[in-house]
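Here's the structure, in C-alpha cells; my notes come after.
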Amino acid sequence: MSVQHVAEGISPFLKELIEDTPKGERIMHCLQCGSCGGSCPNSADMDHTPRKLFAMIMANQRNEVLAANTQWCCVSCYLCTTRCPQEIPITDLMYALKRMAIAEGKSGGTNAPALAKTFTDLVDRYGRSYELGIAGLYHLLNRPVAMAKMGPMGLSMFAKGRMAILPTKIDKIDQLQAIINKARELSK
Amino acid sequence: MKYAYYPGCSMECNAAAYELSTQAVAKSLDFELVELEDWNCCGATEYFSQDELTASAVVARNLALVAPEMDQLVAPCAACYCNLAKVDKMMGEDAEMNGKINTALKAGGLAYEAGRVKIRYLLDVIYRDFGEEGVKAKMQQSLEGLRIAPYYGCQAVRPIKREDDTEYPMQMDELFSWLGAEVVDFPVKAHCCGGHMTQISEPQAFEMIRRILQSAVDYKADMILCMCPMCQLNLDGYQSRVSSYADKEFNMPIIYFTQMLGLAFGLNPKDLGFGKELVPALPTIEAKLK
C-alpha cells in the first residue's frame with residue numbers, strides 16, 4: 001500500500017485506489033498489454049476490459065469507473081493476476097473497486113453488492129455462511145423471479161440432504177464480533 | 001500424521017459427500033485431520049468486497065486458532081484455502097496490515113504470527129505426503145475402464161503460485177493415473193466454474209458452466225472429478241438448468257476426487273457420500289469399471 005514512490009500530481013483516483021489495495025502500486029507498471037482482458041472468462045460482458053479500465057483510472061475518470069460493471073463481472077478466478085507480466089494484483093484491484101463502488105451506492109446494474117451484503121451480515125451474525133439464509137434473504141429481496149426458477153433445484157438439494165434449514169452459530173460469536181468491530185474501527 | 005483441519009462451511013451440508021469421503025480416505029491412508037475448534041467462515045469472495053481489513057481479520061481468526069503444536073492447516077475447499085493462504089502471505093509481506101489484523105485479533109484475545117502455519121489444500125497433501133507409493137499401497141480396486149476429466153477450478157492453483165502449475169496443474173492427473181484410470185488431458189481443468197455468478201447473472205454463469213461440461217463431453221470423459229464445493233455445486237447442481245440454457249441434454253456426473261479415491265481404496269460407496277450428487281455417478285461407474 002506504499003505510495004512513497006508514486007509521483008506527485010498523479011490522478012487522485014489512482015492514488016485512492018493504490019491506498020486501498022495491497023500491492024496496489026503495481027498498477028503504475030501497467031503496460032496496456034491486455035493480457036488481463038484476454039484471459040478473463042467474462043471480459044466479453046464487461047463495459048470496459050481491465051486494460052481500458054486501468055487507463056481510465058490513470059485519467060482520473062472516477063465516476064465512469066465506479067459505475068462500470070467491470071468489477072462486478074470479476075469472479076476472482078485470478079487468471080489475469082497470475083498472467084500479468086507486471087505482477088499487478090488485478091483481482092485485488094477489482095475487490096478495491098467493488099468496495100469503492102459499494103461506498104458510492106453503485107452496482108454496475110447488478111445485484112452483486114446486495115449478495116455481498118447479505119453474505120457478510122450472516123457471517124457477522126452467526127460466524128458461518130448459511131446457504132438457505134443467503135438464498136432466501138437475497139433472492140426474495142432482489143430477484144424474486146429468479147428465485148422461483150431456482151425452486152426445483154432447491155428442492156432437489158433438500159431431498160439430497162444438501163441444504164440446511166437452520167444456520168449454525170459458532171460458540172464464541174462474541175469473540176468473532178469483537179474482532180470484527182475492532183477491524184471495522186481500524187479500517188475507517 | 002496429524003494435520004489441523006479447516007473444513008469450511010460447505011462441508012457441513014452442501015458438500016457432505018466431500019467431508020464423508022475426505023474422512024474415509026484419511027482413515028485409509030492413516031492420517032488424522034484435527035478440526036479447528038470453533039472455526040468461522042473464511043468470508044468467501046463476498047467479505048472482501050465489503051471491507052479488506054475486516055475480511056482479513058475474519059480469516060486470520062482461524063489461523064490464530066491453530067493449536068501451538070500444529071504447523072500445517074489443511075483446507076479441502078479451494079476458496080477457503082485461497083483466503084487462508086492469501087491472508088497469511090499478505091500478513092507476512094505487509095507490516096501495516098499485519099499490525100492492524102493483530103490489533104483486531106487482540107480484541108478477541110488472539111494473535112497470529114504470519115508464516116507460523118503452512119496452509120495446504122487436501123489434494124496436495126495426498127499427492128505430496130503420500131505419493132505414488134503410499135497411494136498405491138492402499139489400492140484395492142483398479143480404476144481401469146474409467147475415463148475421468150480432472151477439474152481443479154481456480155482458487156487452489158491461483159493466485160498462490162506454490163504447489164502446482166497455475167494453468168496446467170497435474171497433481172490430480174497423476175494421482176488417478178497411478179490408480180489405473182484413463183485421465184483425459186482436460187483443457188479447461190483450471191478454468192473458472194463461474195463461482196457466485198449463478199446468483200448474480202445466470203447467462204454469464206451458465207455459459208461458464210456449459211464450456212466445462214461441453215469440454216468433458218468433447219473429450220469423451222465418463223465423469224468430472226472436482227476438488228471444491230463451489231465447483232461441484234455449479235457443475236452438478238445447476239447442470240439441468242444449464243442443459244435447458246444450452247438446449248442440450250448434459251448427463252455428466254460430477255464427484256469429488258476423494259470419492260473416487262475411496263472407491264479405489266475398496267470403501268463402500270455409501271460411506272463416501274455417493275448418491276448426494278444430482279446427476280447420479282454410480283451407474284456410470286458400475287458400467288465402465290473393469
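Letters A, B, ... go to the chains of the C-alpha cells in the order shown; residues in each chain start at 1; ligands are counted from 1 in the same order.
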
Please provide the set of residues having any atom within 12 Å of Leu186 in chain A, restricted to only C-alpha atoms, with same-chain residues fewer than 2 positions apart removed, written as an mmCIF file with N, CA and C atoms, in the first residue's frame.
```
data_model
loop_
_atom_site.group_PDB
_atom_site.id
_atom_site.type_symbol
_atom_site.label_atom_id
_atom_site.label_comp_id
_atom_site.auth_asym_id
_atom_site.auth_seq_id
_atom_site.Cartn_x
_atom_site.Cartn_y
_atom_site.Cartn_z
ATOM 1 N N ILE A 179 -13.615 -8.978 17.314
ATOM 2 C CA ILE A 179 -12.562 -8.843 16.290
ATOM 3 C C ILE A 179 -13.078 -8.013 15.111
ATOM 4 N N ILE A 180 -14.296 -8.337 14.683
ATOM 5 C CA ILE A 180 -14.906 -7.622 13.553
ATOM 6 C C ILE A 180 -15.083 -6.132 13.882
ATOM 7 N N ASN A 181 -15.587 -5.851 15.087
ATOM 8 C CA ASN A 181 -15.822 -4.452 15.455
ATOM 9 C C ASN A 181 -14.524 -3.652 15.502
ATOM 10 N N LYS A 182 -13.485 -4.285 16.032
ATOM 11 C CA LYS A 182 -12.186 -3.616 16.108
ATOM 12 C C LYS A 182 -11.641 -3.362 14.704
ATOM 13 N N ALA A 183 -11.750 -4.379 13.843
ATOM 14 C CA ALA A 183 -11.242 -4.240 12.472
ATOM 15 C C ALA A 183 -11.991 -3.130 11.725
ATOM 16 N N ARG A 184 -13.304 -3.067 11.923
ATOM 17 C CA ARG A 184 -14.107 -2.017 11.253
ATOM 18 C C ARG A 184 -13.654 -0.634 11.704
ATOM 19 N N LYS A 188 -11.671 2.424 9.169
ATOM 20 C CA LYS A 188 -12.338 3.697 8.830
ATOM 21 C C LYS A 188 -11.343 4.755 8.392
ATOM 22 N N ASP B 51 -15.014 -5.100 2.940
ATOM 23 C CA ASP B 51 -14.021 -4.437 3.794
ATOM 24 C C ASP B 51 -12.785 -5.343 3.877
ATOM 25 N N GLU B 52 -11.701 -4.890 3.292
ATOM 26 C CA GLU B 52 -10.473 -5.678 3.192
ATOM 27 C C GLU B 52 -9.917 -6.080 4.568
ATOM 28 N N LEU B 53 -9.802 -5.087 5.454
ATOM 29 C CA LEU B 53 -9.188 -5.365 6.755
ATOM 30 C C LEU B 53 -10.069 -6.302 7.584
ATOM 31 N N THR B 54 -11.360 -6.027 7.610
ATOM 32 C CA THR B 54 -12.257 -6.864 8.413
ATOM 33 C C THR B 54 -12.299 -8.285 7.852
ATOM 34 N N ALA B 57 -9.228 -10.033 8.923
ATOM 35 C CA ALA B 57 -9.250 -10.367 10.356
ATOM 36 C C ALA B 57 -10.154 -11.576 10.613
ATOM 37 N N GLU B 96 2.020 -3.102 7.899
ATOM 38 C CA GLU B 96 0.926 -2.260 8.388
ATOM 39 C C GLU B 96 -0.355 -3.078 8.561
ATOM 40 N N MET B 97 -0.692 -3.876 7.530
ATOM 41 C CA MET B 97 -1.887 -4.719 7.622
ATOM 42 C C MET B 97 -1.720 -5.760 8.723
ATOM 43 N N GLY B 99 -0.060 -5.501 11.449
ATOM 44 C CA GLY B 99 -0.267 -4.837 12.732
ATOM 45 C C GLY B 99 -1.745 -4.638 13.017
ATOM 46 N N LYS B 100 -2.463 -4.171 12.003
ATOM 47 C CA LYS B 100 -3.899 -3.907 12.195
ATOM 48 C C LYS B 100 -4.679 -5.190 12.439
ATOM 49 N N ILE B 101 -4.348 -6.241 11.671
ATOM 50 C CA ILE B 101 -5.060 -7.512 11.837
ATOM 51 C C ILE B 101 -4.815 -8.055 13.246
ATOM 52 N N ASN B 102 -3.576 -7.953 13.707
ATOM 53 C CA ASN B 102 -3.290 -8.456 15.050
ATOM 54 C C ASN B 102 -3.918 -7.589 16.143
ATOM 55 N N THR B 103 -4.064 -6.290 15.890
ATOM 56 C CA THR B 103 -4.788 -5.438 16.842
ATOM 57 C C THR B 103 -6.249 -5.896 16.941
ATOM 58 N N ALA B 104 -6.831 -6.220 15.766
ATOM 59 C CA ALA B 104 -8.219 -6.708 15.764
ATOM 60 C C ALA B 104 -8.307 -8.057 16.477
ATOM 61 N N LEU B 105 -7.359 -8.942 16.187
ATOM 62 C CA LEU B 105 -7.375 -10.268 16.837
ATOM 63 C C LEU B 105 -7.264 -10.126 18.361
ATOM 64 N N ALA B 107 -8.431 -7.903 20.204
ATOM 65 C CA ALA B 107 -9.734 -7.571 20.799
ATOM 66 C C ALA B 107 -10.502 -8.852 21.157
#
```

May I have the residues of chain B within 6 Å of chain A, counting only C-alpha atoms, written as a PDB file with C-alpha atoms, in the first residue's frame?
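That gives us part_12.pdb:
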```
ATOM      1  CA  CYS B  13     -24.147 -29.779   4.342  1.00  0.00           C
ATOM      2  CA  ASN B  14     -23.901 -28.929   0.649  1.00  0.00           C
ATOM      3  CA  ASP B  38     -14.978 -23.203  16.750  1.00  0.00           C
ATOM      4  CA  ASN B  40     -15.558 -19.398  11.449  1.00  0.00           C
ATOM      5  CA  CYS B  41     -16.414 -18.774   7.787  1.00  0.00           C
ATOM      6  CA  GLU B  46     -18.106 -11.734  -0.627  1.00  0.00           C
ATOM      7  CA  TYR B  47     -16.493 -10.353   2.511  1.00  0.00           C
ATOM      8  CA  SER B  49     -15.781  -6.781  -1.500  1.00  0.00           C
ATOM      9  CA  GLN B  50     -17.095  -5.209   1.708  1.00  0.00           C
ATOM     10  CA  THR B  54     -12.257  -6.864   8.413  1.00  0.00           C
ATOM     11  CA  ALA B 104      -8.219  -6.708  15.764  1.00  0.00           C
ATOM     12  CA  LEU B 105      -7.375 -10.268  16.837  1.00  0.00           C
ATOM     13  CA  ALA B 107      -9.734  -7.571  20.799  1.00  0.00           C
ATOM     14  CA  GLY B 108     -10.749 -11.239  20.844  1.00  0.00           C
ATOM     15  CA  CYS B 154      -9.315 -21.658  -9.820  1.00  0.00           C
ATOM     16  CA  ARG B 158      -4.239 -19.433  -8.170  1.00  0.00           C
ATOM     17  CA  PRO B 159      -3.123 -16.888  -7.090  1.00  0.00           C
ATOM     18  CA  CYS B 192     -13.474 -20.937 -13.701  1.00  0.00           C
ATOM     19  CA  ILE B 200     -25.934 -12.580  -9.997  1.00  0.00           C
ATOM     20  CA  LYS B 276     -25.800 -36.964  -2.912  1.00  0.00           C
TER      21      LYS B 276
END
```

Task: Counting only C-alpha atoms, the option among B:Gly266, B:Pro253, B:Gly195, B:Pro76 closest to Tyr18 in chain B - done: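 The closest residue to Tyr18 in chain B is B:Pro76.
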
Open item on the list: According to DSSP computed on the backbone, where in range 44-281 of chain B is there helix (DSSP H, G or I)? Give the residues as a PyMOL selection string.
Closed with: chain B and resi 47-49+52-64+78-93+95-107+122-137+171-178+195-199+202-218+229-237+239-246+257-264+269-272

- [ ] Can you list, as number ranges by chain, all residues belonging to range 13-215 of chain B that DSSP tags as strand (DSSP E or B)?
- [x] B: 32-35, 72-75, 118-121, 147-150, 182-183

With all heavy atoms retained, could you export that selection as a tab-separated table (two decimals), in the first residue's frame?
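For reference, result-v1.tsv as written:
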```
chain	number	residue	atom	x	y	z
B	32	GLU	N	-4.59	-38.09	10.38
B	32	GLU	CA	-5.66	-37.54	11.20
B	32	GLU	C	-5.87	-36.07	10.88
B	32	GLU	O	-4.91	-35.30	10.77
B	32	GLU	CB	-5.30	-37.69	12.68
B	32	GLU	CG	-6.50	-37.59	13.59
B	32	GLU	CD	-6.13	-37.67	15.08
B	32	GLU	OE1	-5.09	-38.28	15.40
B	32	GLU	OE2	-6.85	-37.09	15.89
B	33	LEU	N	-7.13	-35.69	10.71
B	33	LEU	CA	-7.49	-34.30	10.48
B	33	LEU	C	-8.12	-33.77	11.77
B	33	LEU	O	-9.22	-34.16	12.13
B	33	LEU	CB	-8.46	-34.18	9.30
B	33	LEU	CG	-7.89	-34.57	7.93
B	33	LEU	CD1	-9.01	-34.71	6.90
B	33	LEU	CD2	-6.85	-33.58	7.46
B	34	VAL	N	-7.39	-32.92	12.46
B	34	VAL	CA	-7.88	-32.41	13.75
B	34	VAL	C	-8.60	-31.08	13.50
B	34	VAL	O	-7.97	-30.06	13.19
B	34	VAL	CB	-6.72	-32.19	14.73
B	34	VAL	CG1	-7.24	-31.76	16.09
B	34	VAL	CG2	-5.87	-33.46	14.85
B	35	GLU	N	-9.93	-31.11	13.59
B	35	GLU	CA	-10.73	-29.93	13.25
B	35	GLU	C	-10.45	-28.77	14.19
B	35	GLU	O	-10.40	-28.93	15.41
B	35	GLU	CB	-12.22	-30.31	13.29
B	35	GLU	CG	-13.12	-29.19	12.80
B	35	GLU	CD	-14.57	-29.65	12.60
B	35	GLU	OE1	-14.80	-30.83	12.28
B	35	GLU	OE2	-15.47	-28.81	12.78
B	72	GLN	N	0.64	-27.29	10.31
B	72	GLN	CA	0.06	-27.40	8.97
B	72	GLN	C	-1.45	-27.39	9.07
B	72	GLN	O	-2.02	-28.09	9.90
B	72	GLN	CB	0.50	-28.69	8.29
B	72	GLN	CG	2.00	-28.74	8.04
B	72	GLN	CD	2.35	-29.86	7.08
B	72	GLN	OE1	1.84	-29.94	5.98
B	72	GLN	NE2	3.24	-30.74	7.53
B	73	LEU	N	-2.07	-26.57	8.23
B	73	LEU	CA	-3.52	-26.46	8.24
B	73	LEU	C	-4.04	-26.89	6.87
B	73	LEU	O	-3.63	-26.33	5.84
B	73	LEU	CB	-3.94	-25.02	8.54
B	73	LEU	CG	-5.44	-24.71	8.52
B	73	LEU	CD1	-6.18	-25.48	9.61
B	73	LEU	CD2	-5.69	-23.21	8.68
B	74	VAL	N	-4.94	-27.87	6.87
B	74	VAL	CA	-5.45	-28.40	5.61
B	74	VAL	C	-6.88	-27.91	5.37
B	74	VAL	O	-7.72	-27.99	6.26
B	74	VAL	CB	-5.45	-29.95	5.62
B	74	VAL	CG1	-6.04	-30.50	4.32
B	74	VAL	CG2	-4.04	-30.47	5.82
B	75	ALA	N	-7.11	-27.40	4.16
B	75	ALA	CA	-8.46	-26.99	3.76
B	75	ALA	C	-8.84	-27.77	2.52
B	75	ALA	O	-8.09	-27.76	1.54
B	75	ALA	CB	-8.49	-25.49	3.48
B	118	LYS	N	1.65	-23.57	7.86
B	118	LYS	CA	1.64	-23.76	6.41
B	118	LYS	C	0.23	-24.19	6.00
B	118	LYS	O	-0.29	-25.20	6.50
B	118	LYS	CB	2.68	-24.80	5.99
B	118	LYS	CG	2.65	-24.99	4.49
B	118	LYS	CD	3.86	-25.65	3.90
B	118	LYS	CE	3.71	-25.57	2.38
B	118	LYS	NZ	4.58	-26.40	1.63
B	119	ILE	N	-0.36	-23.41	5.10
B	119	ILE	CA	-1.73	-23.71	4.67
B	119	ILE	C	-1.67	-24.54	3.39
B	119	ILE	O	-0.94	-24.20	2.46
B	119	ILE	CB	-2.53	-22.40	4.45
B	119	ILE	CG1	-2.70	-21.67	5.80
B	119	ILE	CG2	-3.92	-22.71	3.91
B	119	ILE	CD1	-1.85	-20.50	5.98
B	120	ARG	N	-2.42	-25.63	3.39
B	120	ARG	CA	-2.35	-26.56	2.26
B	120	ARG	C	-3.75	-26.99	1.82
B	120	ARG	O	-4.68	-26.99	2.62
B	120	ARG	CB	-1.55	-27.79	2.67
B	120	ARG	CG	-0.17	-27.43	3.19
B	120	ARG	CD	0.63	-28.65	3.54
B	120	ARG	NE	0.87	-29.50	2.37
B	120	ARG	CZ	1.42	-30.71	2.46
B	120	ARG	NH1	1.74	-31.22	3.64
B	120	ARG	NH2	1.61	-31.42	1.37
B	121	TYR	N	-3.87	-27.34	0.57
B	121	TYR	CA	-5.14	-27.92	0.13
B	121	TYR	C	-5.02	-29.44	0.10
B	121	TYR	O	-3.92	-29.99	-0.04
B	121	TYR	CB	-5.64	-27.32	-1.19
B	121	TYR	CG	-4.73	-27.42	-2.39
B	121	TYR	CD1	-4.77	-28.52	-3.23
B	121	TYR	CD2	-3.84	-26.39	-2.69
B	121	TYR	CE1	-3.95	-28.60	-4.34
B	121	TYR	CE2	-3.02	-26.47	-3.81
B	121	TYR	CZ	-3.07	-27.57	-4.62
B	121	TYR	OH	-2.26	-27.64	-5.73
B	147	ARG	N	-12.87	-43.26	-17.71
B	147	ARG	CA	-12.22	-42.10	-18.35
B	147	ARG	C	-12.64	-40.87	-17.57
B	147	ARG	O	-13.81	-40.46	-17.60
B	147	ARG	CB	-12.75	-42.01	-19.79
B	147	ARG	CG	-11.67	-41.94	-20.83
B	147	ARG	CD	-12.28	-41.94	-22.22
B	147	ARG	NE	-12.01	-40.68	-22.90
B	147	ARG	CZ	-10.84	-40.38	-23.46
B	147	ARG	NH1	-9.85	-41.23	-23.43
B	147	ARG	NH2	-10.65	-39.21	-24.06
B	148	ILE	N	-11.71	-40.29	-16.85
B	148	ILE	CA	-12.09	-39.17	-15.99
B	148	ILE	C	-11.45	-37.85	-16.44
B	148	ILE	O	-10.35	-37.82	-16.96
B	148	ILE	CB	-11.73	-39.43	-14.51
B	148	ILE	CG1	-10.23	-39.68	-14.36
B	148	ILE	CG2	-12.51	-40.61	-13.94
B	148	ILE	CD1	-9.66	-38.96	-13.21
B	149	ALA	N	-12.22	-36.77	-16.23
B	149	ALA	CA	-11.71	-35.42	-16.50
B	149	ALA	C	-11.38	-34.79	-15.16
B	149	ALA	O	-12.26	-34.58	-14.33
B	149	ALA	CB	-12.77	-34.60	-17.24
B	150	PRO	N	-10.09	-34.50	-14.91
B	150	PRO	CA	-9.71	-33.88	-13.64
B	150	PRO	C	-9.96	-32.38	-13.70
B	150	PRO	O	-9.49	-31.71	-14.60
B	150	PRO	CB	-8.20	-34.17	-13.55
B	150	PRO	CG	-7.74	-34.26	-14.97
B	150	PRO	CD	-8.92	-34.69	-15.80
B	182	GLU	N	-8.09	-43.83	-16.86
B	182	GLU	CA	-7.63	-43.12	-18.04
B	182	GLU	C	-7.95	-41.65	-17.82
B	182	GLU	O	-9.12	-41.27	-17.69
B	182	GLU	CB	-8.37	-43.66	-19.27
B	182	GLU	CG	-7.75	-43.23	-20.56
B	182	GLU	CD	-8.53	-43.77	-21.77
B	182	GLU	OE1	-9.33	-44.71	-21.60
B	182	GLU	OE2	-8.32	-43.23	-22.86
B	183	VAL	N	-6.92	-40.82	-17.70
B	183	VAL	CA	-7.13	-39.41	-17.37
B	183	VAL	C	-7.10	-38.58	-18.64
B	183	VAL	O	-6.13	-38.59	-19.39
B	183	VAL	CB	-6.07	-38.93	-16.36
B	183	VAL	CG1	-6.31	-37.47	-15.99
B	183	VAL	CG2	-6.08	-39.79	-15.10
```

Residues near Ile255 in chain B, anyone? I mean within 8 Å using only C-alpha atoms, not counting same-chain ones fewer than 6 positions away, as a short mmCIF file (atom, residue, chain, number, x, y, z; two decimals) with C-alpha atoms, in the first residue's frame.
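Output (around29.cif):
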```cif
data_model
loop_
_atom_site.label_atom_id
_atom_site.label_comp_id
_atom_site.auth_asym_id
_atom_site.auth_seq_id
_atom_site.Cartn_x
_atom_site.Cartn_y
_atom_site.Cartn_z
CA MET B 223 -17.26 -38.01 -15.38
CA ILE B 224 -15.59 -34.95 -13.93
CA LEU B 225 -13.65 -35.14 -10.67
CA CYS B 226 -13.53 -31.91 -8.69
CA GLN B 232 -19.29 -29.27 -7.63
CA GLU B 277 -24.87 -35.76 -6.39
CA ALA B 281 -22.44 -41.24 -10.72
#
```

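In this comparison, which uses only C-alpha atoms, the residue of B:Met172, B:Leu110, B:Ala221, B:Leu29 approaching Gly145 in chain B most closely is B:Ala221.
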